[in-house]
Amino acid sequence: YALFGSQNSPSPVTLIVDAHRLNATPSGRFPPEISYLAYGLTRRKHIPCGTEISVNVSFDRGTDKRVKRLFFLSVCGLVIFGGVGARTRRGFGTLSLTAFDPQDESSEVLSRICVKTEEMVNAAEKVICEAAKLAEGLGEPEDVLPPVSFASNGAEVYISRQNYESAETAHRRLGTLMRAFRDYRTSRVARRDHDLIYRFATCGKIDNVPLRTVFGMPHHYFLRNLHNGVAMSVTLTPGATARGITRRASPVLLSVVPADNGATIAVILMRGTFLPRGVPILVERQKRKQKKAESLPTRSVSRHPSWQAAISFVDNLFRSGEFASLKLVRKERA
């Protein structure tokens with residue numbers, strides 16, 4: 001609120017991005033391990049890895065020093081847990097801080113994240129802790145804060161202890177983890193979801209939704225060779241277009257984290273409200289045979305996906321021993 005502003009109070013921060021070096025190029029094909037994470041990106045253009053972006057930051061005269069500090073802490077959070085552009089929740093758009101000037105009492109916090117992989121967990125915890133204390137000290141009104149943030153006790157945050165030689169190597173690891181989770185041969189969740197969709201594709205009846213729908217909507221399934229060369233696509237979307245609810249972002253955020261000696265991985269699970277009560281999920285299917293497409297009647301399901309799939313995915317990561325759990329400091333409102 002104090003940092004980003006509101007309807008009644010504009011932000012005291014001004015950003016100017018030097019975009020003359022941003023030359024987008026066709027994405028083309030992705031490596032097999034990343035292709036699942038990159039769904040929908042192959043037809044888009046992208047900014048090549050290694051492109052430098054210069055951002056000039058200025059503050060209104062008289063801006064509280066705590067707000068300045070909070071801004072640079074938010075930049076740290078963006079580098080560790082976020083990115084820019086499409087599919088940032090699947091590890092794309094990662095940013096790496098290469099230089100900042102001047103280095104004063106507000107901006108020196110940026111140096112905290114210029115560390116090696118083995119120091120990243122402690123660095124991230126310090127960023128979260130200080131940001132939470134500053135926000136609390138600024139007297140943020142409760143009615144403008146989200147009930148669950150990535151730093152609340154309604155979230156789980158994990159950072160890998162493994163050092164990967166490059167961001168692409170870390171991204172391939174993320175893709176491998178997701179592909180294994182959706183593999184029919186090894187994942188009970190994947191088998192349950194596949195069988196549910198297969199029954200719907202063959203008989204047209206459905207009274208539940210796949211567990212993995214919680215990873216975001218629209219959610220797609222593609223079934224090949226059902227019978228006599230017939231293929232079918234099934235798409236699940238929120239059924240509240242009049243209320244502007246046509247998509248749902250994944251509560252599981254996957255991030256590639258740059259480090260001084262390579263890169264690592266961050267995973268966040270935010271257990272918020274996936275869909276408002278009363279919003280159905282529409283299940284559409286389209287039959288294809290010999291390049292001819294036929295849309296079949298849409299079904300509506302009142303049930304929402306449980307958190308089982310998201311929790312299972314995160315639990316598997318933690319049990320592997322590779323990921324460390326961060327200590328979070330903010331509390332949810334009662």
# chains A, B, ... in the order shown; residues from 1 in each chain; ligands from 1

call {"tool": "residues_around", "arguments": {"residues": "region 182-198 of chain A", "least_positions_apart": "2", "cutoff": "9 Å", "atoms": "only C-alpha atoms", "output": "list in words"}}
result
Leu177, Met178, Arg179, Ala180, Phe200, Ala201, Thr202, Cys203, Ile206, Asn208, Val209, Pro210, Leu211, Arg212, Tyr221, Leu223, Leu226, Val234, Gln308, Ala309 and Ser312 of chain A

call {"tool": "residues_around", "arguments": {"residues": "region 243-256 of chain A", "least_positions_apart": "5", "cutoff": "8 Å", "atoms": "only C-alpha atoms", "output": "ChimeraX atom specification"}}
result
/A:80-83,88-92,94,167,170-171,174,214-218,237-238,263-272,274-275,310

call {"tool": "residues_around", "arguments": {"residues": "Arg161 (chain A)", "least_positions_apart": "3", "cutoff": "9 Å", "atoms": "only C-alpha atoms", "output": "number ranges by chain"}}
result
A: 117-121, 264-265, 321-324

call {"tool": "select_by_dssp", "arguments": {"residues": "region 74-270 of chain A", "states": "strand (DSSP E)", "output": "PyMOL selection string"}}
result
chain A and resi 155-160+219-223+231-238+252-259+262-270

call {"tool": "write_last_selection", "arguments": {"atoms": "N, CA and C atoms", "output": "mmCIF file, in the first residue's frame"}}
result
data_model
loop_
_atom_site.group_PDB
_atom_site.id
_atom_site.type_symbol
_atom_site.label_atom_id
_atom_site.label_comp_id
_atom_site.auth_asym_id
_atom_site.auth_seq_id
_atom_site.Cartn_x
_atom_site.Cartn_y
_atom_site.Cartn_z
ATOM 1 N N ALA A 155 1.346 -20.065 3.425
ATOM 2 C CA ALA A 155 2.160 -20.449 2.274
ATOM 3 C C ALA A 155 3.310 -21.344 2.721
ATOM 4 N N GLU A 156 3.845 -22.077 1.764
ATOM 5 C CA GLU A 156 5.043 -22.883 1.999
ATOM 6 C C GLU A 156 6.072 -22.487 0.946
ATOM 7 N N VAL A 157 7.282 -22.198 1.382
ATOM 8 C CA VAL A 157 8.343 -21.765 0.474
ATOM 9 C C VAL A 157 9.547 -22.681 0.643
ATOM 10 N N TYR A 158 10.048 -23.187 -0.474
ATOM 11 C CA TYR A 158 11.186 -24.092 -0.461
ATOM 12 C C TYR A 158 12.229 -23.615 -1.473
ATOM 13 N N ILE A 159 13.487 -23.742 -1.105
ATOM 14 C CA ILE A 159 14.586 -23.436 -2.019
ATOM 15 C C ILE A 159 15.524 -24.640 -2.057
ATOM 16 N N SER A 160 15.907 -25.017 -3.257
ATOM 17 C CA SER A 160 16.779 -26.177 -3.425
ATOM 18 C C SER A 160 18.177 -25.888 -2.885
ATOM 19 N N HIS A 219 -7.329 -25.689 -18.241
ATOM 20 C CA HIS A 219 -6.570 -26.922 -18.042
ATOM 21 C C HIS A 219 -6.923 -27.871 -19.183
ATOM 22 N N HIS A 220 -5.913 -28.377 -19.876
ATOM 23 C CA HIS A 220 -6.146 -29.116 -21.116
ATOM 24 C C HIS A 220 -5.731 -30.582 -20.999
ATOM 25 N N TYR A 221 -6.485 -31.417 -21.692
ATOM 26 C CA TYR A 221 -6.127 -32.824 -21.876
ATOM 27 C C TYR A 221 -6.282 -33.162 -23.357
ATOM 28 N N PHE A 222 -5.374 -33.982 -23.857
ATOM 29 C CA PHE A 222 -5.424 -34.412 -25.252
ATOM 30 C C PHE A 222 -5.360 -35.937 -25.285
ATOM 31 N N LEU A 223 -6.418 -36.547 -25.776
ATOM 32 C CA LEU A 223 -6.513 -38.004 -25.834
ATOM 33 C C LEU A 223 -6.433 -38.452 -27.289
ATOM 34 N N ALA A 231 -9.559 -38.716 -32.049
ATOM 35 C CA ALA A 231 -8.831 -38.032 -30.980
ATOM 36 C C ALA A 231 -9.764 -37.015 -30.338
ATOM 37 N N MET A 232 -9.473 -36.656 -29.100
ATOM 38 C CA MET A 232 -10.352 -35.712 -28.408
ATOM 39 C C MET A 232 -9.532 -34.796 -27.512
ATOM 40 N N SER A 233 -9.932 -33.533 -27.479
ATOM 41 C CA SER A 233 -9.339 -32.579 -26.547
ATOM 42 C C SER A 233 -10.394 -32.186 -25.523
ATOM 43 N N VAL A 234 -9.975 -32.076 -24.268
ATOM 44 C CA VAL A 234 -10.866 -31.697 -23.175
ATOM 45 C C VAL A 234 -10.257 -30.486 -22.479
ATOM 46 N N THR A 235 -11.070 -29.453 -22.269
ATOM 47 C CA THR A 235 -10.591 -28.218 -21.646
ATOM 48 C C THR A 235 -11.497 -27.844 -20.483
ATOM 49 N N LEU A 236 -10.886 -27.527 -19.344
ATOM 50 C CA LEU A 236 -11.629 -27.097 -18.161
ATOM 51 C C LEU A 236 -11.360 -25.620 -17.915
ATOM 52 N N THR A 237 -12.428 -24.841 -17.743
ATOM 53 C CA THR A 237 -12.316 -23.401 -17.517
ATOM 54 C C THR A 237 -13.306 -22.965 -16.444
ATOM 55 N N PRO A 238 -13.033 -21.846 -15.752
ATOM 56 C CA PRO A 238 -14.019 -21.313 -14.801
ATOM 57 C C PRO A 238 -15.282 -20.883 -15.537
ATOM 58 N N VAL A 252 0.895 -22.911 -7.224
ATOM 59 C CA VAL A 252 2.255 -23.436 -7.105
ATOM 60 C C VAL A 252 3.155 -22.629 -8.031
ATOM 61 N N LEU A 253 4.082 -21.894 -7.451
ATOM 62 C CA LEU A 253 4.981 -21.039 -8.219
ATOM 63 C C LEU A 253 6.359 -21.687 -8.278
ATOM 64 N N LEU A 254 6.857 -21.869 -9.480
ATOM 65 C CA LEU A 254 8.177 -22.452 -9.693
ATOM 66 C C LEU A 254 9.096 -21.364 -10.232
ATOM 67 N N SER A 255 10.248 -21.215 -9.628
ATOM 68 C CA SER A 255 11.144 -20.130 -10.014
ATOM 69 C C SER A 255 12.576 -20.626 -10.132
ATOM 70 N N VAL A 256 13.261 -20.139 -11.157
ATOM 71 C CA VAL A 256 14.697 -20.373 -11.298
ATOM 72 C C VAL A 256 15.414 -19.196 -10.644
ATOM 73 N N VAL A 257 16.284 -19.488 -9.696
ATOM 74 C CA VAL A 257 16.934 -18.441 -8.902
ATOM 75 C C VAL A 257 18.400 -18.319 -9.303
ATOM 76 N N PRO A 258 18.817 -17.171 -9.845
ATOM 77 C CA PRO A 258 20.227 -17.002 -10.199
ATOM 78 C C PRO A 258 21.095 -16.869 -8.953
ATOM 79 N N ALA A 259 22.282 -17.421 -9.010
ATOM 80 C CA ALA A 259 23.240 -17.322 -7.909
ATOM 81 C C ALA A 259 24.612 -17.000 -8.482
ATOM 82 N N GLY A 262 25.999 -20.159 -10.167
ATOM 83 C CA GLY A 262 25.122 -20.950 -11.024
ATOM 84 C C GLY A 262 23.673 -20.546 -10.849
ATOM 85 N N ALA A 263 22.837 -21.504 -10.485
ATOM 86 C CA ALA A 263 21.416 -21.226 -10.277
ATOM 87 C C ALA A 263 20.825 -22.317 -9.405
ATOM 88 N N THR A 264 19.674 -22.022 -8.826
ATOM 89 C CA THR A 264 18.957 -23.021 -8.047
ATOM 90 C C THR A 264 17.463 -22.854 -8.298
ATOM 91 N N ILE A 265 16.626 -23.486 -7.473
ATOM 92 C CA ILE A 265 15.181 -23.535 -7.713
ATOM 93 C C ILE A 265 14.438 -23.111 -6.456
ATOM 94 N N ALA A 266 13.370 -22.335 -6.635
ATOM 95 C CA ALA A 266 12.466 -21.994 -5.539
ATOM 96 C C ALA A 266 11.063 -22.472 -5.894
ATOM 97 N N VAL A 267 10.348 -22.976 -4.897
ATOM 98 C CA VAL A 267 8.977 -23.455 -5.082
ATOM 99 C C VAL A 267 8.110 -22.857 -3.983
ATOM 100 N N ILE A 268 6.977 -22.282 -4.369
ATOM 101 C CA ILE A 268 6.054 -21.678 -3.408
ATOM 102 C C ILE A 268 4.673 -22.292 -3.591
ATOM 103 N N LEU A 269 4.039 -22.655 -2.487
ATOM 104 C CA LEU A 269 2.646 -23.093 -2.493
ATOM 105 C C LEU A 269 1.845 -22.100 -1.667
ATOM 106 N N MET A 270 0.897 -21.409 -2.309
ATOM 107 C CA MET A 270 0.040 -20.443 -1.614
ATOM 108 C C MET A 270 -1.376 -20.997 -1.548
#

call {"tool": "residues_around", "arguments": {"residues": "Ile34 (chain A)", "least_positions_apart": "3", "cutoff": "8 Å", "atoms": "only C-alpha atoms", "output": "list of chain:residue names"}}
result
A:Phe30, A:Pro31, A:Leu37, A:Ala38, A:His171, A:Arg172, A:Leu174, A:Gly175, A:Thr176

call {"tool": "write_last_selection", "arguments": {"atoms": "all heavy atoms", "output": "PDB file, in the first residue's frame"}}
result
ATOM      1  N   PHE A  30      11.491 -25.833 -27.656  1.00  0.00           N
ATOM      2  CA  PHE A  30      12.135 -25.885 -26.352  1.00  0.00           C
ATOM      3  C   PHE A  30      12.695 -27.287 -26.117  1.00  0.00           C
ATOM      4  O   PHE A  30      12.211 -28.261 -26.694  1.00  0.00           O
ATOM      5  CB  PHE A  30      11.131 -25.552 -25.243  1.00  0.00           C
ATOM      6  CG  PHE A  30      10.669 -24.123 -25.236  1.00  0.00           C
ATOM      7  CD1 PHE A  30       9.534 -23.742 -25.934  1.00  0.00           C
ATOM      8  CD2 PHE A  30      11.372 -23.158 -24.532  1.00  0.00           C
ATOM      9  CE1 PHE A  30       9.096 -22.424 -25.929  1.00  0.00           C
ATOM     10  CE2 PHE A  30      10.947 -21.840 -24.518  1.00  0.00           C
ATOM     11  CZ  PHE A  30       9.808 -21.468 -25.220  1.00  0.00           C
ATOM     12  N   PRO A  31      13.706 -27.411 -25.259  1.00  0.00           N
ATOM     13  CA  PRO A  31      14.200 -28.748 -24.907  1.00  0.00           C
ATOM     14  C   PRO A  31      13.066 -29.598 -24.344  1.00  0.00           C
ATOM     15  O   PRO A  31      12.126 -29.065 -23.742  1.00  0.00           O
ATOM     16  CB  PRO A  31      15.267 -28.454 -23.842  1.00  0.00           C
ATOM     17  CG  PRO A  31      15.691 -27.050 -24.099  1.00  0.00           C
ATOM     18  CD  PRO A  31      14.474 -26.339 -24.603  1.00  0.00           C
ATOM     19  N   LEU A  37       6.537 -27.196 -19.402  1.00  0.00           N
ATOM     20  CA  LEU A  37       6.406 -25.920 -18.704  1.00  0.00           C
ATOM     21  C   LEU A  37       6.097 -24.784 -19.672  1.00  0.00           C
ATOM     22  O   LEU A  37       5.508 -23.772 -19.295  1.00  0.00           O
ATOM     23  CB  LEU A  37       7.699 -25.593 -17.952  1.00  0.00           C
ATOM     24  CG  LEU A  37       8.185 -26.612 -16.916  1.00  0.00           C
ATOM     25  CD1 LEU A  37       9.531 -26.177 -16.355  1.00  0.00           C
ATOM     26  CD2 LEU A  37       7.169 -26.761 -15.796  1.00  0.00           C
ATOM     27  N   ALA A  38       6.503 -24.946 -20.936  1.00  0.00           N
ATOM     28  CA  ALA A  38       6.403 -23.870 -21.924  1.00  0.00           C
ATOM     29  C   ALA A  38       5.122 -23.928 -22.737  1.00  0.00           C
ATOM     30  O   ALA A  38       5.029 -23.271 -23.777  1.00  0.00           O
ATOM     31  CB  ALA A  38       7.606 -23.929 -22.864  1.00  0.00           C
ATOM     32  N   HIS A 171      16.196 -25.037 -14.940  1.00  0.00           N
ATOM     33  CA  HIS A 171      14.869 -25.068 -15.560  1.00  0.00           C
ATOM     34  C   HIS A 171      14.553 -26.470 -16.080  1.00  0.00           C
ATOM     35  O   HIS A 171      13.415 -26.950 -15.976  1.00  0.00           O
ATOM     36  CB  HIS A 171      14.809 -24.053 -16.698  1.00  0.00           C
ATOM     37  CG  HIS A 171      13.434 -23.516 -16.927  1.00  0.00           C
ATOM     38  ND1 HIS A 171      13.143 -22.601 -17.911  1.00  0.00           N
ATOM     39  CD2 HIS A 171      12.251 -23.769 -16.308  1.00  0.00           C
ATOM     40  CE1 HIS A 171      11.866 -22.314 -17.877  1.00  0.00           C
ATOM     41  NE2 HIS A 171      11.297 -23.008 -16.924  1.00  0.00           N
ATOM     42  N   ARG A 172      15.551 -27.133 -16.635  1.00  0.00           N
ATOM     43  CA  ARG A 172      15.349 -28.515 -17.087  1.00  0.00           C
ATOM     44  C   ARG A 172      14.982 -29.417 -15.907  1.00  0.00           C
ATOM     45  O   ARG A 172      14.155 -30.323 -16.032  1.00  0.00           O
ATOM     46  CB  ARG A 172      16.618 -29.036 -17.766  1.00  0.00           C
ATOM     47  CG  ARG A 172      16.871 -28.457 -19.163  1.00  0.00           C
ATOM     48  CD  ARG A 172      18.228 -28.913 -19.672  1.00  0.00           C
ATOM     49  NE  ARG A 172      18.546 -28.365 -20.971  1.00  0.00           N
ATOM     50  CZ  ARG A 172      18.403 -29.015 -22.130  1.00  0.00           C
ATOM     51  NH1 ARG A 172      17.937 -30.250 -22.126  1.00  0.00           N
ATOM     52  NH2 ARG A 172      18.717 -28.446 -23.277  1.00  0.00           N
ATOM     53  N   LEU A 174      13.376 -28.480 -13.215  1.00  0.00           N
ATOM     54  CA  LEU A 174      11.976 -28.186 -12.908  1.00  0.00           C
ATOM     55  C   LEU A 174      11.046 -28.944 -13.848  1.00  0.00           C
ATOM     56  O   LEU A 174      10.041 -29.525 -13.423  1.00  0.00           O
ATOM     57  CB  LEU A 174      11.714 -26.680 -13.039  1.00  0.00           C
ATOM     58  CG  LEU A 174      11.949 -25.807 -11.818  1.00  0.00           C
ATOM     59  CD1 LEU A 174      11.660 -24.353 -12.155  1.00  0.00           C
ATOM     60  CD2 LEU A 174      11.076 -26.256 -10.659  1.00  0.00           C
ATOM     61  N   GLY A 175      11.376 -28.914 -15.134  1.00  0.00           N
ATOM     62  CA  GLY A 175      10.549 -29.613 -16.111  1.00  0.00           C
ATOM     63  C   GLY A 175      10.501 -31.107 -15.854  1.00  0.00           C
ATOM     64  O   GLY A 175       9.447 -31.745 -15.979  1.00  0.00           O
ATOM     65  N   THR A 176      11.635 -31.677 -15.467  1.00  0.00           N
ATOM     66  CA  THR A 176      11.686 -33.106 -15.161  1.00  0.00           C
ATOM     67  C   THR A 176      10.798 -33.444 -13.971  1.00  0.00           C
ATOM     68  O   THR A 176      10.091 -34.462 -13.962  1.00  0.00           O
ATOM     69  CB  THR A 176      13.138 -33.527 -14.874  1.00  0.00           C
ATOM     70  OG1 THR A 176      13.943 -33.261 -16.029  1.00  0.00           O
ATOM     71  CG2 THR A 176      13.219 -35.001 -14.535  1.00  0.00           C
TER      72      THR A 176
END

call {"tool": "residues_around", "arguments": {"residues": "region 14-27 of chain A", "least_positions_apart": "6", "cutoff": "7 Å", "atoms": "only C-alpha atoms", "output": "ChimeraX atom specification"}}
result
/A:42-47,53-59

call {"tool": "select_by_dssp", "arguments": {"residues": "region 124-224 of chain A", "states": "helix (DSSP H, G or I)", "output": "short mmCIF file (atom, residue, chain, number, x, y, z; two decimals) with N, CA, C and O atoms, in the first residue's frame"}}
result
data_model
loop_
_atom_site.label_atom_id
_atom_site.label_comp_id
_atom_site.auth_asym_id
_atom_site.auth_seq_id
_atom_site.Cartn_x
_atom_site.Cartn_y
_atom_site.Cartn_z
N ALA A 124 17.24 -15.33 1.45
CA ALA A 124 15.81 -15.18 1.21
C ALA A 124 15.05 -14.97 2.52
O ALA A 124 14.13 -14.15 2.59
N GLU A 125 15.42 -15.70 3.56
CA GLU A 125 14.76 -15.54 4.85
C GLU A 125 14.95 -14.13 5.40
O GLU A 125 14.03 -13.53 5.96
N LYS A 126 16.14 -13.58 5.25
CA LYS A 126 16.41 -12.23 5.74
C LYS A 126 15.58 -11.20 4.97
O LYS A 126 15.07 -10.24 5.56
N VAL A 127 15.46 -11.39 3.67
CA VAL A 127 14.66 -10.46 2.85
C VAL A 127 13.20 -10.49 3.30
O VAL A 127 12.57 -9.44 3.50
N ILE A 128 12.64 -11.68 3.48
CA ILE A 128 11.24 -11.81 3.89
C ILE A 128 11.03 -11.20 5.27
O ILE A 128 10.06 -10.46 5.51
N CYS A 129 11.93 -11.49 6.19
CA CYS A 129 11.79 -11.02 7.57
C CYS A 129 11.81 -9.50 7.64
O CYS A 129 10.95 -8.88 8.26
N GLU A 130 12.79 -8.88 6.98
CA GLU A 130 12.88 -7.42 7.05
C GLU A 130 11.72 -6.75 6.34
O GLU A 130 11.17 -5.75 6.82
N ALA A 131 11.31 -7.30 5.19
CA ALA A 131 10.18 -6.71 4.46
C ALA A 131 8.91 -6.76 5.30
O ALA A 131 8.12 -5.80 5.32
N ALA A 132 8.69 -7.87 6.00
CA ALA A 132 7.49 -8.01 6.83
C ALA A 132 7.50 -6.99 7.97
O ALA A 132 6.47 -6.38 8.27
N LYS A 133 8.64 -6.81 8.60
CA LYS A 133 8.73 -5.86 9.71
C LYS A 133 8.52 -4.43 9.23
O LYS A 133 7.85 -3.63 9.89
N LEU A 134 9.09 -4.10 8.07
CA LEU A 134 8.90 -2.75 7.53
C LEU A 134 7.44 -2.50 7.19
O LEU A 134 6.89 -1.43 7.48
N ALA A 135 6.80 -3.47 6.54
CA ALA A 135 5.39 -3.30 6.16
C ALA A 135 4.52 -3.13 7.39
O ALA A 135 3.60 -2.30 7.41
N GLU A 136 4.82 -3.89 8.44
CA GLU A 136 4.05 -3.77 9.68
C GLU A 136 4.26 -2.40 10.31
O GLU A 136 3.31 -1.78 10.81
N GLY A 137 5.49 -1.91 10.27
CA GLY A 137 5.78 -0.60 10.84
C GLY A 137 5.15 0.55 10.09
O GLY A 137 4.93 1.63 10.65
N GLU A 142 -5.48 -3.32 6.96
CA GLU A 142 -5.76 -4.73 6.76
C GLU A 142 -6.65 -4.99 5.55
O GLU A 142 -6.55 -6.02 4.90
N ASP A 143 -7.53 -4.03 5.22
CA ASP A 143 -8.48 -4.30 4.15
C ASP A 143 -7.86 -4.22 2.76
O ASP A 143 -8.52 -4.50 1.76
N VAL A 144 -6.59 -3.81 2.65
CA VAL A 144 -5.96 -3.77 1.34
C VAL A 144 -4.90 -4.85 1.18
O VAL A 144 -4.29 -4.99 0.13
N ALA A 167 21.06 -21.38 -15.41
CA ALA A 167 19.61 -21.24 -15.25
C ALA A 167 18.87 -22.27 -16.11
O ALA A 167 17.85 -22.81 -15.69
N GLU A 168 19.39 -22.56 -17.30
CA GLU A 168 18.73 -23.54 -18.16
C GLU A 168 18.77 -24.93 -17.53
O GLU A 168 17.79 -25.68 -17.59
N THR A 169 19.89 -25.28 -16.91
CA THR A 169 19.99 -26.58 -16.25
C THR A 169 18.98 -26.69 -15.12
O THR A 169 18.32 -27.72 -14.94
N ALA A 170 18.84 -25.62 -14.34
CA ALA A 170 17.85 -25.61 -13.26
C ALA A 170 16.44 -25.71 -13.82
O ALA A 170 15.58 -26.39 -13.26
N HIS A 171 16.20 -25.04 -14.94
CA HIS A 171 14.87 -25.07 -15.56
C HIS A 171 14.55 -26.47 -16.08
O HIS A 171 13.42 -26.95 -15.98
N ARG A 172 15.55 -27.13 -16.63
CA ARG A 172 15.35 -28.52 -17.09
C ARG A 172 14.98 -29.42 -15.91
O ARG A 172 14.15 -30.32 -16.03
N ARG A 173 15.60 -29.17 -14.77
CA ARG A 173 15.28 -29.95 -13.57
C ARG A 173 13.83 -29.73 -13.16
O ARG A 173 13.11 -30.68 -12.81
N LEU A 174 13.38 -28.48 -13.22
CA LEU A 174 11.98 -28.19 -12.91
C LEU A 174 11.05 -28.94 -13.85
O LEU A 174 10.04 -29.52 -13.42
N GLY A 175 11.38 -28.91 -15.13
CA GLY A 175 10.55 -29.61 -16.11
C GLY A 175 10.50 -31.11 -15.85
O GLY A 175 9.45 -31.74 -15.98
N THR A 176 11.63 -31.68 -15.47
CA THR A 176 11.69 -33.11 -15.16
C THR A 176 10.80 -33.44 -13.97
O THR A 176 10.09 -34.46 -13.96
N LEU A 177 10.81 -32.59 -12.95
CA LEU A 177 9.97 -32.81 -11.77
C LEU A 177 8.49 -32.78 -12.14
O LEU A 177 7.71 -33.62 -11.68
N MET A 178 8.09 -31.81 -12.96
CA MET A 178 6.69 -31.70 -13.35
C MET A 178 6.26 -32.85 -14.25
O MET A 178 5.15 -33.39 -14.12
N ARG A 179 7.12 -33.24 -15.17
CA ARG A 179 6.78 -34.35 -16.07
C ARG A 179 6.61 -35.65 -15.29
O ARG A 179 5.72 -36.46 -15.58
N ALA A 180 7.47 -35.87 -14.30
CA ALA A 180 7.36 -37.08 -13.49
C ALA A 180 6.06 -37.09 -12.71
O ALA A 180 5.42 -38.14 -12.54
N PHE A 181 5.63 -35.92 -12.25
CA PHE A 181 4.40 -35.84 -11.47
C PHE A 181 3.17 -36.13 -12.31
O PHE A 181 2.16 -36.61 -11.80
N ARG A 188 0.07 -41.64 -8.99
CA ARG A 188 -1.32 -42.01 -8.72
C ARG A 188 -2.27 -40.88 -9.07
O ARG A 188 -3.39 -41.11 -9.54
N VAL A 189 -1.84 -39.64 -8.82
CA VAL A 189 -2.67 -38.49 -9.17
C VAL A 189 -2.90 -38.45 -10.67
O VAL A 189 -4.03 -38.24 -11.14
N ALA A 190 -1.84 -38.67 -11.45
CA ALA A 190 -1.97 -38.65 -12.91
C ALA A 190 -2.89 -39.75 -13.40
O ALA A 190 -3.71 -39.54 -14.31
N ARG A 191 -2.79 -40.94 -12.81
CA ARG A 191 -3.66 -42.05 -13.23
C ARG A 191 -5.11 -41.75 -12.91
O ARG A 191 -6.00 -42.00 -13.73
N ARG A 192 -5.36 -41.22 -11.73
CA ARG A 192 -6.73 -40.90 -11.33
C ARG A 192 -7.32 -39.86 -12.27
O ARG A 192 -8.46 -39.98 -12.74
N ASP A 193 -6.55 -38.82 -12.59
CA ASP A 193 -7.03 -37.76 -13.47
C ASP A 193 -7.28 -38.27 -14.88
O ASP A 193 -8.29 -37.95 -15.52
N HIS A 194 -6.34 -39.06 -15.39
CA HIS A 194 -6.47 -39.59 -16.75
C HIS A 194 -7.71 -40.46 -16.88
O HIS A 194 -8.48 -40.34 -17.85
N ASP A 195 -7.94 -41.33 -15.91
CA ASP A 195 -9.09 -42.22 -15.98
C ASP A 195 -10.40 -41.44 -15.92
O ASP A 195 -11.38 -41.79 -16.59
N LEU A 196 -10.43 -40.38 -15.11
CA LEU A 196 -11.63 -39.53 -15.03
C LEU A 196 -11.93 -38.88 -16.37
O LEU A 196 -13.08 -38.90 -16.85
N ILE A 197 -10.91 -38.31 -17.01
CA ILE A 197 -11.10 -37.64 -18.29
C ILE A 197 -11.41 -38.66 -19.39
O ILE A 197 -12.23 -38.39 -20.29
N TYR A 198 -10.81 -39.83 -19.32
CA TYR A 198 -11.07 -40.86 -20.34
C TYR A 198 -12.54 -41.29 -20.29
O TYR A 198 -13.19 -41.45 -21.33
N ARG A 199 -13.08 -41.47 -19.08
CA ARG A 199 -14.49 -41.85 -18.97
C ARG A 199 -15.39 -40.75 -19.52
O ARG A 199 -16.39 -41.03 -20.19
N PHE A 200 -15.03 -39.49 -19.24
CA PHE A 200 -15.82 -38.39 -19.78
C PHE A 200 -15.75 -38.35 -21.30
O PHE A 200 -16.76 -38.13 -21.98
N ALA A 201 -14.57 -38.58 -21.85
CA ALA A 201 -14.40 -38.53 -23.30
C ALA A 201 -15.19 -39.63 -24.00
O ALA A 201 -15.68 -39.44 -25.12
N THR A 202 -15.35 -40.76 -23.34
CA THR A 202 -16.01 -41.89 -23.99
C THR A 202 -17.51 -41.96 -23.72
O THR A 202 -18.27 -42.46 -24.57
N CYS A 203 -17.96 -41.45 -22.55
CA CYS A 203 -19.39 -41.57 -22.24
C CYS A 203 -20.08 -40.23 -22.04
O CYS A 203 -21.31 -40.17 -21.97
N LEU A 211 -7.72 -33.68 -10.24
CA LEU A 211 -7.01 -33.06 -9.12
C LEU A 211 -6.03 -32.00 -9.59
O LEU A 211 -5.83 -30.98 -8.94
N ARG A 212 -5.41 -32.25 -10.75
CA ARG A 212 -4.39 -31.32 -11.23
C ARG A 212 -4.97 -30.03 -11.80
O ARG A 212 -4.22 -29.14 -12.20
N THR A 213 -6.30 -29.91 -11.81
CA THR A 213 -6.91 -28.64 -12.21
C THR A 213 -6.47 -27.51 -11.29
O THR A 213 -6.46 -26.34 -11.68
N VAL A 214 -6.08 -27.86 -10.05
CA VAL A 214 -5.65 -26.84 -9.10
C VAL A 214 -4.35 -26.17 -9.55
O VAL A 214 -3.99 -25.10 -9.03
N PHE A 215 -3.65 -26.75 -10.52
CA PHE A 215 -2.44 -26.13 -11.04
C PHE A 215 -2.75 -24.99 -12.01
O PHE A 215 -1.83 -24.39 -12.56
#

call {"tool": "atom_distance", "arguments": {"atom1": "CA of Val67 (chain A)", "atom2": "CA of Pro12 (chain A)"}}
result
8.6 Å
